[in-house]
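Source file: work.cif (mmCIF, C-alpha atoms)
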```
data_entry
loop_
_atom_site.group_PDB
_atom_site.id
_atom_site.type_symbol
_atom_site.label_atom_id
_atom_site.label_comp_id
_atom_site.auth_asym_id
_atom_site.auth_seq_id
_atom_site.Cartn_x
_atom_site.Cartn_y
_atom_site.Cartn_z
ATOM 1 C CA MET A 1 -13.941 -44.710 20.048
ATOM 2 C CA PHE A 2 -17.101 -46.508 21.210
ATOM 3 C CA GLN A 3 -17.276 -46.794 24.998
ATOM 4 C CA LYS A 4 -21.036 -47.210 25.529
ATOM 5 C CA ILE A 5 -22.671 -49.717 23.223
ATOM 6 C CA VAL A 6 -26.410 -50.363 23.221
ATOM 7 C CA VAL A 7 -27.982 -53.323 21.462
ATOM 8 C CA ALA A 8 -31.694 -53.269 20.653
ATOM 9 C CA TYR A 9 -32.849 -56.753 21.591
ATOM 10 C CA ASN A 10 -36.039 -58.740 21.160
ATOM 11 C CA GLU A 11 -36.973 -62.299 20.241
ATOM 12 C CA SER A 12 -36.164 -61.970 16.528
ATOM 13 C CA PRO A 13 -33.287 -63.791 14.816
ATOM 14 C CA GLU A 14 -32.004 -60.406 13.630
ATOM 15 C CA ALA A 15 -31.740 -59.159 17.213
ATOM 16 C CA LYS A 16 -29.857 -62.306 18.195
ATOM 17 C CA ARG A 17 -27.298 -61.636 15.460
ATOM 18 C CA ALA A 18 -27.021 -58.028 16.651
ATOM 19 C CA LEU A 19 -26.427 -59.274 20.204
ATOM 20 C CA VAL A 20 -23.597 -61.568 19.130
ATOM 21 C CA SER A 21 -21.972 -58.750 17.136
ATOM 22 C CA SER A 22 -22.349 -56.226 19.954
ATOM 23 C CA VAL A 23 -20.807 -58.634 22.474
ATOM 24 C CA GLU A 24 -17.825 -59.183 20.177
ATOM 25 C CA LEU A 25 -17.455 -55.454 19.584
ATOM 26 C CA ALA A 26 -17.713 -54.640 23.306
ATOM 27 C CA LYS A 27 -15.065 -57.265 23.992
ATOM 28 C CA ARG A 28 -12.637 -55.880 21.405
ATOM 29 C CA LEU A 29 -13.169 -52.255 22.467
ATOM 30 C CA SER A 30 -13.454 -52.891 26.234
ATOM 31 C CA ALA A 31 -16.751 -51.039 26.053
ATOM 32 C CA GLN A 32 -19.788 -51.008 28.319
ATOM 33 C CA LEU A 33 -22.679 -53.064 26.902
ATOM 34 C CA ASN A 34 -26.343 -52.277 27.514
ATOM 35 C CA ILE A 35 -29.055 -54.620 26.270
ATOM 36 C CA VAL A 36 -32.339 -52.780 25.713
ATOM 37 C CA THR A 37 -35.750 -54.220 24.978
ATOM 38 C CA VAL A 38 -38.730 -52.000 24.269
ATOM 39 C CA MET A 39 -42.168 -53.385 25.060
ATOM 40 C CA ALA A 40 -44.775 -51.825 22.825
ATOM 41 C CA ASP A 41 -48.260 -51.115 24.079
ATOM 42 C CA LEU A 42 -50.816 -53.910 24.015
ATOM 43 C CA PRO A 43 -52.755 -54.159 20.749
ATOM 44 C CA ALA A 44 -55.989 -52.189 20.567
ATOM 45 C CA TYR A 45 -58.113 -55.337 20.315
ATOM 46 C CA THR A 46 -57.304 -56.210 23.940
ATOM 47 C CA ALA A 47 -59.816 -53.529 24.904
ATOM 48 C CA TYR A 48 -62.560 -55.800 23.550
ATOM 49 C CA ALA A 49 -61.302 -58.713 25.637
ATOM 50 C CA ALA A 50 -61.208 -56.466 28.701
ATOM 51 C CA VAL A 51 -64.975 -56.122 28.461
ATOM 52 C CA ALA A 52 -65.319 -59.833 29.159
ATOM 53 C CA ASP A 53 -62.519 -59.918 31.739
ATOM 54 C CA PRO A 54 -61.333 -56.571 33.155
ATOM 55 C CA SER A 55 -58.204 -58.156 34.633
ATOM 56 C CA LEU A 56 -57.019 -59.486 31.252
ATOM 57 C CA PRO A 57 -54.933 -56.433 30.149
ATOM 58 C CA ASN A 58 -52.958 -56.513 33.404
ATOM 59 C CA THR A 59 -52.419 -60.261 33.060
ATOM 60 C CA LEU A 60 -51.228 -59.836 29.464
ATOM 61 C CA ARG A 61 -48.849 -57.012 30.445
ATOM 62 C CA GLU A 62 -47.348 -59.059 33.264
ATOM 63 C CA ASP A 63 -46.976 -62.152 31.058
ATOM 64 C CA ARG A 64 -45.229 -60.081 28.409
ATOM 65 C CA ARG A 65 -42.997 -58.401 31.010
ATOM 66 C CA ASN A 66 -41.982 -61.837 32.361
ATOM 67 C CA PHE A 67 -41.270 -63.080 28.845
ATOM 68 C CA TYR A 68 -38.996 -60.116 28.082
ATOM 69 C CA ARG A 69 -37.226 -60.346 31.440
ATOM 70 C CA ALA A 70 -36.363 -63.985 30.713
ATOM 71 C CA LEU A 71 -35.257 -63.011 27.207
ATOM 72 C CA GLN A 72 -32.955 -60.356 28.667
ATOM 73 C CA GLN A 73 -31.522 -62.770 31.225
ATOM 74 C CA ASN A 74 -30.587 -65.082 28.371
ATOM 75 C CA ALA A 75 -28.961 -62.185 26.507
ATOM 76 C CA VAL A 76 -26.932 -61.183 29.568
ATOM 77 C CA ALA A 77 -25.814 -64.823 29.882
ATOM 78 C CA VAL A 78 -24.586 -64.742 26.255
ATOM 79 C CA ALA A 79 -22.473 -61.684 27.074
ATOM 80 C CA GLU A 80 -21.171 -63.146 30.312
ATOM 81 C CA GLU A 81 -20.069 -66.315 28.477
ATOM 82 C CA GLN A 82 -17.643 -64.028 26.656
ATOM 83 C CA SER A 83 -16.613 -62.334 29.941
ATOM 84 C CA ILE A 84 -18.494 -59.175 28.995
ATOM 85 C CA PRO A 85 -20.549 -57.647 31.796
ATOM 86 C CA ALA A 86 -23.848 -56.367 30.456
ATOM 87 C CA ASN A 87 -26.720 -54.348 31.858
ATOM 88 C CA SER A 88 -30.260 -54.993 30.674
ATOM 89 C CA TYR A 89 -33.100 -52.500 30.481
ATOM 90 C CA LEU A 90 -36.774 -53.083 29.778
ATOM 91 C CA LEU A 91 -38.491 -49.983 28.404
ATOM 92 C CA GLU A 92 -42.172 -49.408 27.724
ATOM 93 C CA GLY A 93 -43.750 -47.213 25.080
ATOM 94 C CA HIS A 94 -43.158 -46.357 21.443
ATOM 95 C CA GLN A 95 -40.097 -48.247 20.217
ATOM 96 C CA VAL A 96 -38.207 -45.405 18.565
ATOM 97 C CA GLU A 97 -39.039 -42.679 21.084
ATOM 98 C CA SER A 98 -38.199 -44.877 24.076
ATOM 99 C CA LEU A 99 -34.924 -46.076 22.609
ATOM 100 C CA VAL A 100 -33.810 -42.612 21.460
ATOM 101 C CA HIS A 101 -34.598 -41.223 24.921
ATOM 102 C CA PHE A 102 -32.516 -44.028 26.488
ATOM 103 C CA LEU A 103 -29.600 -43.357 24.130
ATOM 104 C CA ARG A 104 -29.588 -39.664 25.031
ATOM 105 C CA GLU A 105 -29.973 -40.289 28.748
ATOM 106 C CA GLN A 106 -27.111 -42.807 28.811
ATOM 107 C CA LYS A 107 -24.933 -40.756 26.417
ATOM 108 C CA SER A 108 -24.439 -43.858 24.297
ATOM 109 C CA ASP A 109 -21.864 -43.938 21.497
ATOM 110 C CA LEU A 110 -23.252 -46.746 19.348
ATOM 111 C CA LEU A 111 -26.594 -48.453 18.768
ATOM 112 C CA VAL A 112 -26.462 -51.966 17.294
ATOM 113 C CA VAL A 113 -29.630 -53.212 15.583
ATOM 114 C CA GLY A 114 -30.515 -56.305 13.594
ATOM 115 C CA LEU A 115 -31.550 -55.689 10.013
ATOM 116 C CA HIS A 116 -34.448 -57.474 8.378
ATOM 117 C CA GLN A 117 -33.807 -58.368 4.787
ATOM 118 C CA ARG A 118 -36.614 -57.136 2.591
ATOM 119 C CA ASP A 119 -37.155 -57.259 -1.122
ATOM 120 C CA LEU A 120 -38.639 -53.825 -1.602
ATOM 121 C CA TYR A 121 -36.575 -50.706 -1.011
ATOM 122 C CA ILE A 122 -39.710 -48.718 -0.214
ATOM 123 C CA ALA A 123 -40.468 -51.044 2.741
ATOM 124 C CA ARG A 124 -37.267 -49.844 4.425
ATOM 125 C CA LEU A 125 -38.384 -46.232 4.355
ATOM 126 C CA TRP A 126 -41.027 -46.774 7.008
ATOM 127 C CA SER A 127 -39.241 -49.362 9.094
ATOM 128 C CA THR A 128 -38.346 -48.929 12.744
ATOM 129 C CA VAL A 129 -34.667 -49.326 11.904
ATOM 130 C CA TYR A 130 -34.800 -46.505 9.376
ATOM 131 C CA GLU A 131 -36.562 -44.251 11.874
ATOM 132 C CA LEU A 132 -33.970 -45.115 14.536
ATOM 133 C CA ALA A 133 -31.139 -44.324 12.147
ATOM 134 C CA GLN A 134 -32.658 -40.896 11.540
ATOM 135 C CA GLU A 135 -33.385 -40.064 15.191
ATOM 136 C CA ALA A 136 -30.522 -41.699 17.127
ATOM 137 C CA PRO A 137 -28.102 -39.246 18.770
ATOM 138 C CA CYS A 138 -25.220 -41.673 18.143
ATOM 139 C CA SER A 139 -23.792 -43.920 15.446
ATOM 140 C CA VAL A 140 -25.931 -46.875 14.362
ATOM 141 C CA LEU A 141 -24.586 -50.239 13.269
ATOM 142 C CA GLY A 142 -26.944 -52.488 11.343
ATOM 143 C CA VAL A 143 -26.176 -56.205 11.471
ATOM 144 C CA HIS A 144 -27.322 -58.724 8.840
#
```
Could you quickly redo this structure as structure tokens?
Amino acid sequence: MFQKIVVAYNESPEAKRALVSSVELAKRLSAQLNIVTVMADLPAYTAYAAVADPSLPNTLREDRRNFYRALQQNAVAVAEEQSIPANSYLLEGHQVESLVHFLREQKSDLLVVGLHQRDLYIARLWSTVYELAQEAPCSVLGVH
């Protein structure tokens, strides 16, 4: 059924729950597991800081890249503890577009995402998860 599972992973507790669920699912289905983290662009206000120190944006990008690489190494270790080999990918750009492109390119069967619990239904309409569910070329599993 699902042979290529992708988990969207970042530092949030929701993503950690999605990772645990995707590892268990990959184990039960003998599926390939890909751990994907999307680094968004630096905030616009960093342009102001760059006036004072032109090297600052590059330093911030590299620090963030190192942070996410370490995060992914920890996620791969979680999978390997369960004897599940996992590949990790660090993407840059708009979260939804980058992830949807990755899903298509890899011909993924399932995307696992962590769900944020919100009080207002309307808040879900503009969330990244909702947009992913609409655009993903595969099934999407939301984990609470």
For the interface of stretch 42-132 of chain A with stretch 1-22 of chain A (cut-off 10 Å, counting only C-alpha atoms), please tabulate each contacting residue of stretch 42-132 of chain A alongside its nearest pair of atoms and their separation in Å to one decimal, rows sorted by chain and increasing number, as CSV.
```
residue,atom,partner,partner_atom,distance
A:Phe67,CA,A:Glu11,CA,9.6
A:Tyr68,CA,A:Asn10,CA,7.7
A:Leu71,CA,A:Glu11,CA,7.2
A:Gln72,CA,A:Tyr9,CA,7.9
A:Ala75,CA,A:Leu19,CA,7.4
A:Val76,CA,A:Leu19,CA,9.6
A:Val78,CA,A:Val20,CA,7.9
A:Ala79,CA,A:Val20,CA,8.0
A:Gln82,CA,A:Val20,CA,9.9
A:Ala86,CA,A:Val6,CA,9.7
A:Asn87,CA,A:Val6,CA,9.5
A:Ser88,CA,A:Val6,CA,9.6
A:Tyr89,CA,A:Tyr9,CA,9.9
A:Leu90,CA,A:Tyr9,CA,9.8
A:Gln95,CA,A:Ala8,CA,9.8
A:Leu99,CA,A:Ala8,CA,8.1
A:Phe102,CA,A:Val6,CA,9.4
A:Leu103,CA,A:Val6,CA,7.8
A:Gln106,CA,A:Lys4,CA,8.2
A:Lys107,CA,A:Lys4,CA,7.6
A:Ser108,CA,A:Lys4,CA,4.9
A:Asp109,CA,A:Lys4,CA,5.3
A:Leu110,CA,A:Ile5,CA,4.9
A:Leu111,CA,A:Val6,CA,4.8
A:Val112,CA,A:Val7,CA,4.6
A:Val113,CA,A:Ala8,CA,5.5
A:Gly114,CA,A:Glu14,CA,4.4
A:Leu115,CA,A:Glu14,CA,6.0
A:His116,CA,A:Glu14,CA,6.5
A:Gln117,CA,A:Glu14,CA,9.3
```
Report as number ranges by chain all protein, DNA and RNA residues lying within 10 Å of A:Pro85, evaluated on only C-alpha atoms, omitting residues in the same chain fewer than 3 positions from it.
A: 23, 26-27, 31-34, 76-82
Got a sec: who's within 12 Å of A:Gly93, counting only C-alpha atoms, leaving out chain neighbours fewer than 5 positions off, as a count of residues only?
11
Taking all atoms of stretch 95-99 of chain A that the file lists and extending 4 Å past them on each side, where is the centre of the axis-aligned box and how long are its edges? Answer in Å to one decimal, as lines of an AutoDock Vina configuration file.
```
center_x = -37.5
center_y = -45.5
center_z = 21.3
size_x = 13.2
size_y = 13.6
size_z = 13.5
```
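Across the model, the gap from atom CA of A:Ser30 to atom CA of A:His144 is 23.0 Å.
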